[in-house]
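J.: File name upload-v8.tsv; file contents TSV, C-alpha atoms and all ligand atoms; full text below.
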chain	number	residue	atom	x	y	z
Q	1	MET	CA	15.94	-4.34	-12.46
Q	2	LYS	CA	14.24	-7.60	-11.63
Q	3	LYS	CA	11.99	-6.34	-8.88
Q	4	CYS	CA	9.37	-3.65	-9.29
Q	5	PRO	CA	11.05	-0.30	-8.54
Q	6	ILE	CA	7.88	0.88	-6.78
Q	7	CYS	CA	6.52	-2.01	-4.72
Q	8	SER	CA	9.44	-4.52	-4.92
Q	9	SER	CA	7.24	-7.34	-6.20
Q	10	SER	CA	9.10	-9.94	-8.26
Q	11	LEU	CA	5.97	-10.69	-10.27
Q	12	SER	CA	6.18	-8.80	-13.55
Q	13	VAL	CA	5.30	-9.66	-17.13
Q	14	LYS	CA	6.44	-8.30	-20.49
Q	15	VAL	CA	4.26	-5.42	-21.65
Q	16	PHE	CA	6.04	-3.63	-24.52
Q	17	ASN	CA	9.00	-4.50	-26.71
Q	18	GLY	CA	10.27	-1.26	-28.24
Q	19	GLY	CA	13.32	-2.88	-29.80
Q	20	LYS	CA	16.47	-0.76	-29.64
Q	21	LYS	CA	16.35	2.99	-30.05
Q	22	THR	CA	18.62	5.98	-29.49
Q	23	LEU	CA	18.19	8.46	-26.67
Q	24	SER	CA	15.34	10.72	-27.66
Q	25	THR	CA	15.45	13.79	-25.44
Q	26	LEU	CA	19.02	13.86	-24.14
Q	27	GLY	CA	20.99	12.88	-27.21
Q	28	TRP	CA	21.23	16.30	-28.92
Q	29	PRO	CA	23.02	15.22	-32.14
Q	30	SER	CA	24.55	18.21	-33.91
Q	31	THR	CA	25.02	16.71	-37.39
Q	32	HIS	CA	23.18	14.29	-39.62
Q	33	SER	CA	25.91	11.68	-39.37
Q	34	GLU	CA	25.98	12.01	-35.60
Q	35	ALA	CA	22.21	11.52	-35.51
Q	36	ILE	CA	22.20	8.36	-37.59
Q	37	SER	CA	25.17	6.79	-35.86
Q	38	MET	CA	23.88	7.28	-32.30
Q	39	GLU	CA	24.10	4.37	-29.92
Q	40	LYS	CA	20.88	2.35	-29.50
Q	41	TYR	CA	19.54	0.96	-26.25
Q	42	PRO	CA	16.96	-1.72	-25.44
Q	43	LEU	CA	13.40	-0.68	-24.64
Q	44	ASP	CA	12.18	-3.76	-22.83
Q	45	TYR	CA	9.21	-2.80	-20.67
Q	46	VAL	CA	7.63	-5.05	-18.08
Q	47	GLN	CA	4.61	-4.48	-15.85
Q	48	CYS	CA	4.21	-5.26	-12.18
Q	49	LEU	CA	1.23	-7.45	-11.42
Q	50	ARG	CA	0.85	-6.00	-7.95
Q	51	CYS	CA	0.97	-2.21	-8.46
Q	52	SER	CA	0.70	-2.04	-12.32
Q	53	HIS	CA	3.91	-0.02	-12.65
Q	54	ILE	CA	5.70	-0.32	-16.00
Q	55	TRP	CA	9.48	-0.10	-16.33
Q	56	ASN	CA	12.31	-0.82	-18.73
Q	57	CYS	CA	13.95	-3.89	-17.24
Q	58	GLN	CA	17.12	-3.35	-19.33
Q	59	PHE	CA	17.61	0.28	-18.39
Q	60	ASN	CA	21.05	1.61	-17.50
Q	61	TYR	CA	21.10	5.10	-15.95
Q	62	GLU	CA	24.81	5.53	-16.71
Q	63	VAL	CA	24.35	5.95	-20.45
Q	64	ILE	CA	22.26	9.14	-20.15
Q	65	PRO	CA	24.39	12.32	-20.11
Q	66	TYR	CA	22.28	14.36	-17.66
Q	67	GLU	CA	25.29	16.46	-16.68
Q	68	ASN	CA	26.11	17.43	-20.26
Q	69	ASN	CA	22.78	18.07	-21.87
Q	70	PRO	CA	19.70	19.87	-20.62
Q	71	ASN	CA	16.44	17.99	-20.34
Q	72	ARG	CA	14.07	20.55	-21.83
Q	73	MET	CA	10.38	20.39	-21.60
Q	74	PHE	CA	8.16	22.45	-23.82
Q	75	ASN	CA	6.27	24.60	-21.35
Q	76	ASN	CA	4.58	27.25	-23.46
Q	77	GLY	CA	1.30	25.62	-24.56
Q	78	THR	CA	-1.74	27.55	-23.34
Q	79	LEU	CA	-3.41	24.62	-21.61
Q	80	TRP	CA	-0.11	23.50	-20.13
Q	81	GLN	CA	0.60	27.02	-18.80
Q	82	LYS	CA	-2.84	27.04	-17.21
Q	83	HIS	CA	-2.08	23.72	-15.52
Q	84	ILE	CA	1.26	25.01	-14.21
Q	85	LYS	CA	-0.29	28.20	-12.85
Q	86	ALA	CA	-3.03	26.24	-11.08
Q	87	MET	CA	-0.40	24.01	-9.45
Q	88	ILE	CA	1.70	26.97	-8.32
Q	89	GLN	CA	-1.38	28.57	-6.75
Q	90	SER	CA	-2.39	25.36	-5.03
Q	91	LEU	CA	1.10	24.75	-3.59
Q	92	ASN	CA	1.53	28.35	-2.53
Q	93	LYS	CA	-1.44	28.00	-0.17
Q	94	LEU	CA	0.51	25.40	1.79
Q	95	LEU	CA	3.55	27.51	2.43
Q	96	PRO	CA	4.31	29.21	5.73
Q	97	LYS	CA	5.62	32.78	5.81
Q	98	ASN	CA	9.16	33.08	4.56
Q	99	PRO	CA	9.22	29.53	3.19
Q	100	THR	CA	12.07	27.40	1.89
Q	101	VAL	CA	11.19	25.55	-1.29
Q	102	ILE	CA	13.36	23.08	-3.21
Q	103	ASP	CA	12.62	22.07	-6.79
Q	104	ILE	CA	14.53	18.89	-7.70
Q	105	GLY	CA	15.32	18.59	-11.40
Q	106	CYS	CA	14.09	22.15	-11.92
Q	107	GLY	CA	15.36	22.50	-15.51
Q	108	GLU	CA	15.55	26.22	-16.26
Q	109	GLY	CA	13.58	26.82	-13.07
Q	110	HIS	CA	10.27	28.24	-14.31
Q	111	PHE	CA	8.13	26.42	-11.75
Q	112	VAL	CA	10.06	27.32	-8.61
Q	113	ARG	CA	10.50	30.83	-9.98
Q	114	GLY	CA	6.72	31.05	-10.28
Q	115	LEU	CA	6.42	30.15	-6.60
Q	116	ALA	CA	9.10	32.69	-5.68
Q	117	GLU	CA	7.20	35.40	-7.54
Q	118	ALA	CA	3.99	34.43	-5.77
Q	119	ASN	CA	5.82	35.05	-2.50
Q	120	CYS	CA	6.99	38.52	-3.52
Q	121	GLY	CA	10.63	38.16	-2.63
Q	122	THR	CA	10.25	36.56	0.81
Q	123	GLY	CA	11.60	33.08	1.46
Q	124	ARG	CA	14.24	30.94	-0.13
Q	125	PHE	CA	13.72	29.16	-3.44
Q	126	LEU	CA	16.24	26.60	-4.59
Q	127	GLY	CA	16.49	24.63	-7.78
Q	128	PHE	CA	18.59	21.50	-8.17
Q	129	ASP	CA	19.55	20.29	-11.62
Q	130	PRO	CA	22.72	18.51	-12.75
Q	131	ASN	CA	22.68	20.54	-15.95
Q	132	SER	CA	22.91	24.27	-15.35
Q	133	ALA	CA	20.79	26.29	-17.73
Q	134	PRO	CA	21.69	29.85	-18.82
Q	135	GLU	CA	18.51	31.34	-17.32
Q	136	SER	CA	19.24	29.89	-13.92
Q	137	GLY	CA	19.94	32.21	-11.07
Q	138	ALA	CA	17.25	34.78	-11.82
Q	139	GLY	CA	15.11	34.85	-8.67
Q	140	ILE	CA	16.18	31.44	-7.45
Q	141	GLU	CA	19.28	29.84	-6.02
Q	142	PHE	CA	20.45	27.33	-8.53
Q	143	ILE	CA	22.44	24.28	-7.43
Q	144	PRO	CA	24.00	22.45	-10.42
Q	145	ASN	CA	23.95	19.07	-8.79
Q	146	TYR	CA	21.93	16.01	-7.92
Q	147	PHE	CA	19.78	16.35	-4.81
Q	148	LEU	CA	20.88	14.07	-1.97
Q	149	PRO	CA	18.04	13.62	0.56
Q	150	GLU	CA	20.25	12.80	3.52
Q	151	VAL	CA	22.52	15.81	3.04
Q	152	ASP	CA	20.31	18.42	1.44
Q	153	ILE	CA	17.16	18.13	3.58
Q	154	LYS	CA	19.27	18.82	6.65
Q	155	ARG	CA	21.25	21.58	4.97
Q	156	TYR	CA	18.33	23.57	3.52
Q	157	GLN	CA	15.43	22.59	5.85
Q	158	PRO	CA	12.71	22.95	3.22
Q	159	ASP	CA	8.98	23.36	3.84
Q	160	LEU	CA	8.18	22.02	0.41
Q	161	VAL	CA	10.09	19.73	-1.95
Q	162	ILE	CA	8.96	19.65	-5.56
Q	163	MET	CA	9.77	17.00	-8.13
Q	164	ARG	CA	8.09	17.56	-11.46
Q	165	HIS	CA	8.75	15.23	-14.39
Q	166	VAL	CA	11.76	13.64	-12.74
Q	167	LEU	CA	10.47	10.44	-11.11
Q	168	GLU	CA	10.03	8.79	-14.52
Q	169	HIS	CA	13.78	9.25	-15.14
Q	170	LEU	CA	14.87	7.58	-11.91
Q	171	GLU	CA	16.03	4.03	-11.66
Q	172	GLU	CA	14.93	3.65	-8.04
Q	173	PRO	CA	12.10	6.11	-7.30
Q	174	ALA	CA	10.89	4.19	-4.23
Q	175	GLU	CA	14.34	4.28	-2.72
Q	176	PHE	CA	14.46	8.03	-3.30
Q	177	LEU	CA	11.11	8.63	-1.62
Q	178	GLU	CA	11.94	6.52	1.41
Q	179	GLN	CA	15.23	8.35	1.85
Q	180	LEU	CA	13.44	11.68	1.52
Q	181	ALA	CA	10.87	10.74	4.19
Q	182	PHE	CA	13.56	9.44	6.52
Q	183	ALA	CA	15.68	12.57	6.12
Q	184	SER	CA	12.68	14.84	6.79
Q	185	LEU	CA	12.10	13.21	10.19
Q	186	LYS	CA	15.13	15.06	11.47
Q	187	LEU	CA	13.43	18.42	10.90
Q	188	ASN	CA	10.99	19.53	13.56
Q	189	LYS	CA	8.39	20.75	11.12
Q	190	SER	CA	6.03	19.56	8.40
Q	191	VAL	CA	7.75	18.97	5.09
Q	192	TYR	CA	5.52	18.58	2.04
Q	193	PHE	CA	6.48	16.73	-1.12
Q	194	PHE	CA	4.81	17.46	-4.42
Q	195	ALA	CA	5.47	15.21	-7.41
Q	196	GLU	CA	4.20	15.18	-10.95
Q	197	THR	CA	4.93	12.65	-13.67
Q	198	PRO	CA	3.42	11.54	-16.97
Q	199	SER	CA	0.66	8.99	-16.49
Q	200	VAL	CA	0.76	6.01	-18.82
Q	201	ASP	CA	-2.91	5.11	-18.24
Q	202	VAL	CA	-4.23	6.85	-21.39
Q	203	ALA	CA	-1.41	5.41	-23.55
Q	204	PHE	CA	-1.98	1.95	-22.13
Q	205	LYS	CA	-5.71	2.00	-22.80
Q	206	SER	CA	-5.29	3.28	-26.34
Q	207	GLY	CA	-2.31	1.15	-27.43
Q	208	ARG	CA	-0.07	4.23	-27.80
Q	209	ILE	CA	3.67	3.57	-27.90
Q	210	VAL	CA	5.34	7.02	-28.18
Q	211	ASP	CA	5.63	7.32	-24.40
Q	212	PHE	CA	8.13	4.50	-24.23
Q	213	PHE	CA	11.55	6.06	-24.75
Q	214	TYR	CA	14.83	5.35	-23.05
Q	215	GLU	CA	14.98	8.43	-20.83
Q	216	HIS	CA	11.69	7.35	-19.24
Q	217	PRO	CA	12.49	3.96	-17.72
Q	218	SER	CA	9.54	4.30	-15.33
Q	219	GLN	CA	6.01	4.64	-16.64
Q	220	PHE	CA	3.58	5.41	-13.84
Q	221	THR	CA	-0.02	4.38	-13.74
Q	222	LYS	CA	-2.15	6.32	-11.29
Q	223	LYS	CA	-2.16	3.19	-9.13
Q	224	SER	CA	1.63	2.83	-9.07
Q	225	PHE	CA	2.03	6.57	-8.46
Q	226	VAL	CA	-0.23	6.36	-5.39
Q	227	ARG	CA	1.74	3.36	-4.21
Q	228	LEU	CA	4.97	5.33	-4.52
Q	229	MET	CA	3.61	8.40	-2.75
Q	230	GLU	CA	2.39	6.26	0.14
Q	231	LEU	CA	5.99	5.23	0.76
Q	232	GLY	CA	6.84	8.85	1.56
Q	233	GLY	CA	4.13	9.65	4.06
Q	234	ASP	CA	0.54	10.86	4.41
Q	235	VAL	CA	-1.06	11.33	1.01
Q	236	GLN	CA	-2.96	14.64	0.95
Q	237	TRP	CA	-4.25	14.19	-2.57
Q	238	VAL	CA	-3.47	12.55	-5.94
Q	239	ASP	CA	-5.05	13.81	-9.17
Q	240	THR	CA	-4.72	13.44	-12.91
Q	241	HIS	CA	-4.63	16.50	-15.17
Q	242	TYR	CA	-4.24	17.54	-18.78
Q	243	GLY	CA	-6.64	14.97	-20.14
Q	244	GLY	CA	-5.33	12.29	-17.78
Q	245	GLU	CA	-1.80	12.57	-19.25
Q	246	VAL	CA	-0.13	13.65	-16.03
Q	247	VAL	CA	-0.63	12.50	-12.48
Q	248	ASN	CA	0.47	14.49	-9.49
Q	249	GLY	CA	0.08	14.44	-5.77
Q	250	LEU	CA	1.03	15.93	-2.47
Q	251	ILE	CA	2.19	14.17	0.65
Q	252	LYS	CA	3.30	15.25	4.06
Q	253	LEU	CA	6.60	13.43	4.46
Q	254	SER	CA	6.48	11.04	7.40
Q	255	MET	CA	7.17	7.52	8.50
Q	256	GLU	CA	5.22	5.05	10.57
Q	257	ASN	CA	6.00	5.23	14.28
Q	258	SER	CA	7.25	1.66	14.17
Q	259	TYR	CA	9.98	2.73	11.69
Q	260	VAL	CA	11.01	5.60	13.90
Q	261	HIS	CA	11.09	3.30	16.89
Q	262	GLN	CA	13.11	0.74	14.94
Q	263	ALA	CA	15.63	3.39	13.91
Q	264	GLN	CA	16.08	4.35	17.58
Q	265	GLU	CA	16.55	0.72	18.57
Q	266	SER	CA	19.09	0.20	15.76
Q	267	GLU	CA	21.03	3.22	16.92
Q	268	LYS	CA	20.97	1.96	20.49
Q	269	PHE	CA	22.39	-1.40	19.38
Q	270	LEU	CA	25.02	0.33	17.27
Q	271	ASN	CA	26.20	2.50	20.14
Q	272	PHE	CA	26.03	-0.33	22.64
Q	273	THR	CA	28.16	-2.65	20.52
Q	274	GLU	CA	30.72	0.08	19.90
Q	275	ILE	CA	31.16	0.45	23.67
Q	276	SER	CA	30.95	-3.26	24.48
Q	277	LYS	CA	33.61	-4.02	21.90
Q	278	LEU	CA	36.04	-1.86	23.84
Q	279	THR	CA	34.89	-3.09	27.27
Q	280	LEU	CA	35.04	-6.75	26.32
Q	281	ALA	CA	38.37	-6.44	24.52
Q	282	SER	CA	39.77	-4.74	27.63
Q	283	ASP	CA	38.30	-7.37	30.03
Q	284	LEU	CA	39.68	-10.15	27.84
Q	285	ASN	CA	43.04	-8.47	27.51
Q	286	LYS	CA	43.31	-8.28	31.32
Q	287	LEU	CA	42.45	-11.97	31.46
Q	288	SER	CA	45.23	-12.80	29.00
Q	289	LEU	CA	47.78	-10.92	31.07
Q	290	GLY	CA	47.07	-13.10	34.15
Q	291	GLU	CA	48.70	-16.36	35.06
Q	292	GLN	CA	45.63	-18.51	34.50
Q	293	VAL	CA	45.37	-20.87	31.55
Q	294	THR	CA	42.35	-19.86	29.50
Q	295	ALA	CA	40.57	-22.04	26.95
Q	296	ILE	CA	38.01	-20.90	24.41
Q	297	TRP	CA	35.35	-23.49	23.69
Q	298	GLY	CA	34.58	-23.29	19.96
Q	299	GLY	CA	36.59	-21.97	17.03
Q	300	THR	CA	34.18	-21.71	14.10
Q	301	GLY	CA	30.96	-19.87	13.32
Q	302	LYS	CA	29.78	-17.73	16.23
Q	303	ALA	CA	32.91	-18.59	18.24
Q	304	ALA	CA	35.15	-17.44	15.36
Q	305	THR	CA	33.11	-14.23	15.19
Q	306	PHE	CA	33.63	-13.66	18.92
Q	307	ILE	CA	37.37	-14.37	18.65
Q	308	GLN	CA	37.84	-11.91	15.79
Q	309	HIS	CA	35.51	-9.21	17.08
Q	310	TYR	CA	37.06	-9.02	20.54
Q	311	GLN	CA	40.57	-9.53	19.14
Q	312	LEU	CA	41.50	-12.76	20.91
Q	313	GLU	CA	44.82	-13.05	19.11
Q	314	LYS	CA	46.68	-16.33	18.95
Q	315	ASN	CA	49.59	-15.14	21.09
Q	316	LYS	CA	47.22	-14.13	23.92
Q	317	PHE	CA	44.62	-16.89	23.60
Q	318	PRO	CA	46.32	-19.88	21.99
Q	319	TYR	CA	44.09	-22.54	23.54
Q	320	VAL	CA	40.93	-23.28	21.55
Q	321	VAL	CA	38.91	-26.50	21.90
Q	322	ASP	CA	35.83	-28.05	20.35
Q	323	SER	CA	34.01	-31.31	20.97
Q	324	ASP	CA	33.27	-31.78	17.27
Q	325	TYR	CA	35.99	-34.06	15.80
Q	326	GLU	CA	35.33	-32.61	12.32
Q	327	LYS	CA	36.65	-29.26	13.48
Q	328	VAL	CA	39.64	-30.61	15.36
Q	329	GLY	CA	42.94	-29.90	13.60
Q	330	SER	CA	41.55	-26.99	11.60
Q	331	PHE	CA	42.30	-23.38	12.43
Q	332	VAL	CA	40.26	-20.47	13.73
Q	333	PRO	CA	39.40	-18.29	10.72
Q	334	GLY	CA	41.14	-14.94	10.87
Q	335	THR	CA	43.30	-15.54	13.95
Q	336	GLY	CA	44.80	-18.98	13.25
Q	337	GLN	CA	44.65	-20.87	16.59
Q	338	VAL	CA	44.65	-24.62	15.97
Q	339	ILE	CA	41.40	-26.19	17.20
Q	340	ARG	CA	42.05	-29.04	19.69
Q	341	HIS	CA	39.65	-31.63	20.94
Q	342	SER	CA	37.87	-30.71	24.17
Q	343	SER	CA	39.09	-33.92	25.83
Q	344	GLU	CA	42.56	-32.27	25.97
Q	345	LEU	CA	41.17	-30.26	28.88
Q	346	LYS	CA	41.61	-33.42	30.97
Q	347	SER	CA	45.35	-33.66	30.43
Q	348	ARG	CA	45.82	-29.90	30.10
Q	349	PRO	CA	43.20	-28.22	32.27
Q	350	ALA	CA	42.23	-24.56	31.94
Q	351	GLU	CA	41.37	-22.43	34.92
Q	352	VAL	CA	39.13	-20.27	32.80
Q	353	ILE	CA	36.86	-21.54	30.04
Q	354	ILE	CA	35.23	-18.99	27.74
Q	355	ILE	CA	32.10	-20.06	25.87
Q	356	PRO	CA	31.59	-17.58	23.00
Q	357	SER	CA	28.34	-19.17	21.69
Q	358	GLN	CA	25.90	-18.22	24.44
Q	359	TRP	CA	22.97	-19.99	22.79
Q	360	ARG	CA	24.82	-23.34	23.11
Q	361	ALA	CA	26.26	-22.57	26.53
Q	362	ALA	CA	23.93	-24.92	28.45
Q	363	ASP	CA	24.91	-27.87	26.25
Q	364	ILE	CA	28.60	-27.03	26.41
Q	365	TYR	CA	28.33	-26.63	30.18
Q	366	ALA	CA	26.81	-30.12	30.35
Q	367	GLU	CA	29.72	-31.44	28.20
Q	368	ILE	CA	32.24	-29.82	30.54
Q	369	LYS	CA	30.54	-31.46	33.50
Q	370	MET	CA	30.50	-34.80	31.70
Q	371	LEU	CA	34.21	-34.55	30.88
Q	372	ASN	CA	34.79	-34.04	34.58
Q	373	VAL	CA	37.59	-31.52	34.03
Q	374	THR	CA	38.77	-29.06	36.62
Q	375	TYR	CA	38.27	-25.33	36.17
Q	376	SER	CA	37.67	-22.37	38.37
Q	377	LYS	CA	35.46	-20.18	36.16
Q	378	ILE	CA	33.37	-20.35	33.02
Q	379	PHE	CA	32.78	-17.03	31.29
Q	380	ILE	CA	30.24	-15.96	28.72
Q	381	GLU	CA	29.52	-12.54	27.26
Q	382	TYR	CA	26.26	-10.97	28.37
Q	383	GLN	CA	25.09	-7.37	27.91
Q	384	GLY	CA	28.51	-6.17	26.96
Q	385	ARG	CA	30.42	-7.74	29.85
Q	386	LEU	CA	32.20	-10.96	30.59
Q	387	ILE	CA	30.16	-12.74	33.27
Q	388	ASP	CA	30.40	-15.90	35.34
Q	389	TYR	CA	28.20	-18.55	33.71
Q	390	GLU	CA	27.52	-20.36	36.96
Q	391	LEU	CA	27.04	-17.48	39.38
Q	392	ASP	CA	25.73	-14.50	37.45
Q	393	GLU	CA	22.24	-13.85	36.12
Q	394	HIS	CA	21.67	-14.46	32.42
Q	395	PRO	CA	19.15	-16.21	30.16
Q	396	TYR	CA	21.45	-19.06	29.05
Q	397	HIS	CA	21.11	-21.43	31.99
Q	398	ALA	CA	19.78	-24.89	31.21
G	1	ZN	ZN	4.91	-3.01	-8.28
Show how you would write the structure in this file as structure tokens.
Ligand SMILES: [Zn+2]
T.:
Amino acid sequence: MKKCPICSSSLSVKVFNGGKKTLSTLGWPSTHSEAISMEKYPLDYVQCLRCSHIWNCQFNYEVIPYENNPNRMFNNGTLWQKHIKAMIQSLNKLLPKNPTVIDIGCGEGHFVRGLAEANCGTGRFLGFDPNSAPESGAGIEFIPNYFLPEVDIKRYQPDLVIMRHVLEHLEEPAEFLEQLAFASLKLNKSVYFFAETPSVDVAFKSGRIVDFFYEHPSQFTKKSFVRLMELGGDVQWVDTHYGGEVVNGLIKLSMENSYVHQAQESEKFLNFTEISKLTLASDLNKLSLGEQVTAIWGGTGKAATFIQHYQLEKNKFPYVVDSDYEKVGSFVPGTGQVIRHSSELKSRPAEVIIIPSQWRAADIYAEIKMLNVTYSKIFIEYQGRLIDYELDEHPYHA
């Protein structure tokens, strides 16, 4: 991970060298010899200069057996219980009647179960966790899997998504939040996201090192947490709790209108090019079936892209020319027509000349005129159709 996993800045500096250590919460050695022979991994933390996020730049998610071992948090401390209850009450106020709530990385499910109890049996309460715990199932629907924003937001249509003490385990938390916000756009309702993670601010100020273990590649400061939450939508609030040791916050998942607009434009282009590929290939195929000699002007770069995309195979369109002597004698990548010099059009005229590189069409047109060759039509592609360069309207005239 070279770039900051929160703000993508490439400016980071070393902040803590923890040497190599074993997994600390997901190793679960069952014997002494197993414990002392456990694999060790580098704890090489760097800090982002822009958003102050700290992360292990040598982290590898693959080595942690989340599917095999539970990630247990001690939840029974009095002060901690008080904190949890306060959060459940606060989130419950947000929920509509008969809500759907998803807790990602729910562990044994105590938090989402607390919300279910507060709703007295109405609504749907789901917990995702790759490791299924024995207590799961009581009062909640337990899904022993990773949560996939694109699939699961659509499938379950939640009102609230919860992620407590999970973000610090992720390799790409920003990516996750962006995907979550994007997926929620497809639901016609407000979707809230609540996240909580340890805050490294107290540890950082006091020189404390115990927070830096392999399962926590990401160490959030309040600043970097806010930065992350902003990626997912409208921040409702961000607070620290438990003596500043945890930071949490609530957002209404959303995206800027310009993103939504861009997504629509992208989709339009995608659909348009799917159709124009068929239309153009069909127009060009008809052309190849006629009696006229057709030449394609250009056989590399954009022209080679055109030839491959619209399937101008060598047997149908054997005649390819270029005015650049460096290209003459080489072959069109992918389809294999030999590239001839454009002056051949004098001795072997083409009735139809296709110019695949529209942006150079005016120059090529001038070259054709200068060569003084005969032709009946020059075609370019414009808005998904083959059009007459000289007669039709387009933006590529000189
Ligand atoms: Zn950053």
J.: If we count all atoms listed in the file and set the cut-off at 6 Å, which residues sit around segment 342-345 of chain Q, ignoring sequence neighbours fewer than 2 positions away in its own chain? Please answer as an MDAnalysis selection string.
T.: chainID Q and resid 321:323 347:349
J.: Using only C-alpha atoms and all ligand atoms, find each residue with an atom at most 6 Å away from ligand ZN 1 (chain G) and format the answer as a list in words.
T.: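 After applying the 6 Å limit, what remains is Cys4, Ile6, Cys7, Ser8, Ser9, Cys48, Arg50, Cys51, Ser52 and His53 of chain Q.
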J.: Which residues are close to Glu390 of chain Q, i.e. within 9 Å by all atoms listed in the file, leaving aside same-chain residues fewer than 6 positions away? Reply as a list in words.
T.: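 The neighbour list is Lys377, Ile378, Phe379 and His397 of chain Q.
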J.: Near Leu185 of chain Q, within 9 Å and counting all atoms listed in the file, which residues show up once chain neighbours fewer than 4 positions away are dropped, as a PyMOL selection string?
T.: chain Q and resi 180-181+189-191+253-255+260
J.: From the list Q:Gly233, Q:Pro173, Q:Gly105, Q:Pro96, which residue is nearest Pro158 of chain Q when using all atoms listed in the file?
T.: Q:Pro96
J.: What does the distance between atom CA of Gly127 of chain Q and atom CA of Ile140 of chain Q come to in Å, to one decimal place?
T.: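 These atoms are spaced 6.8 Å apart.
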J.: Just the number, please: distance in Å from atom CA of Ala304 of chain Q to atom CA of Val320 of chain Q, one decimal.
T.: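 Between these atoms lies a distance of 10.3 Å.
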J.: Tell me which of Q:Ser218, Q:Ser376, Q:Asn92, Q:Thr273 sits closest to Val293 of chain Q, counting only C-alpha atoms.
T.: Q:Ser376
J.: Find, counting all atoms listed in the file, the residue in Q:Ala195, Q:Leu11, Q:Ile354, Q:Val202 that gets nearest to Val226 of chain Q.
T.: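 Among the listed residues, Q:Ala195 lies closest to Val226 of chain Q.
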J.: Quick one: of Q:Cys57, Q:Ile36, Q:Leu284, Q:Ala361, who's nearest to Lys3 of chain Q, counting all atoms listed in the file?
T.: Q:Cys57
J.: Go through Q:Tyr242, Q:Leu289, Q:Glu175, Q:Val338 and flag the residue nearest Thr78 of chain Q, using only C-alpha atoms for the distances.
T.: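 The shortest atom-to-atom distance to Thr78 of chain Q comes from Q:Tyr242.
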J.: Quick one: of Q:Leu177, Q:Gln157, Q:Leu270, Q:Lys20, who's nearest to Arg227 of chain Q, counting all atoms listed in the file?
T.: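 The answer is Q:Leu177, which sits nearest to Arg227 of chain Q.
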J.: Record the distance separating atom CA of Ser30 of chain Q and atom CA of Ile64 of chain Q, expressed in Å with one decimal.
T.: 16.6 Å
J.: Excluding Ser90 of chain Q and its own-chain neighbours fewer than 6 positions away, which residues fall within 12 Å of it when counting all atoms listed in the file? Please give them as a PyMOL selection string.
T.: chain Q and resi 83-84+114-115+118+194+237+249-250
J.: Show which residues sit within 10 Å of Pro318 of chain Q, as an MDAnalysis selection string. Count all atoms listed in the file, and ignore same-chain residues fewer than 2 positions away.
T.: chainID Q and resid 293:296 312:316 320:321 335:339
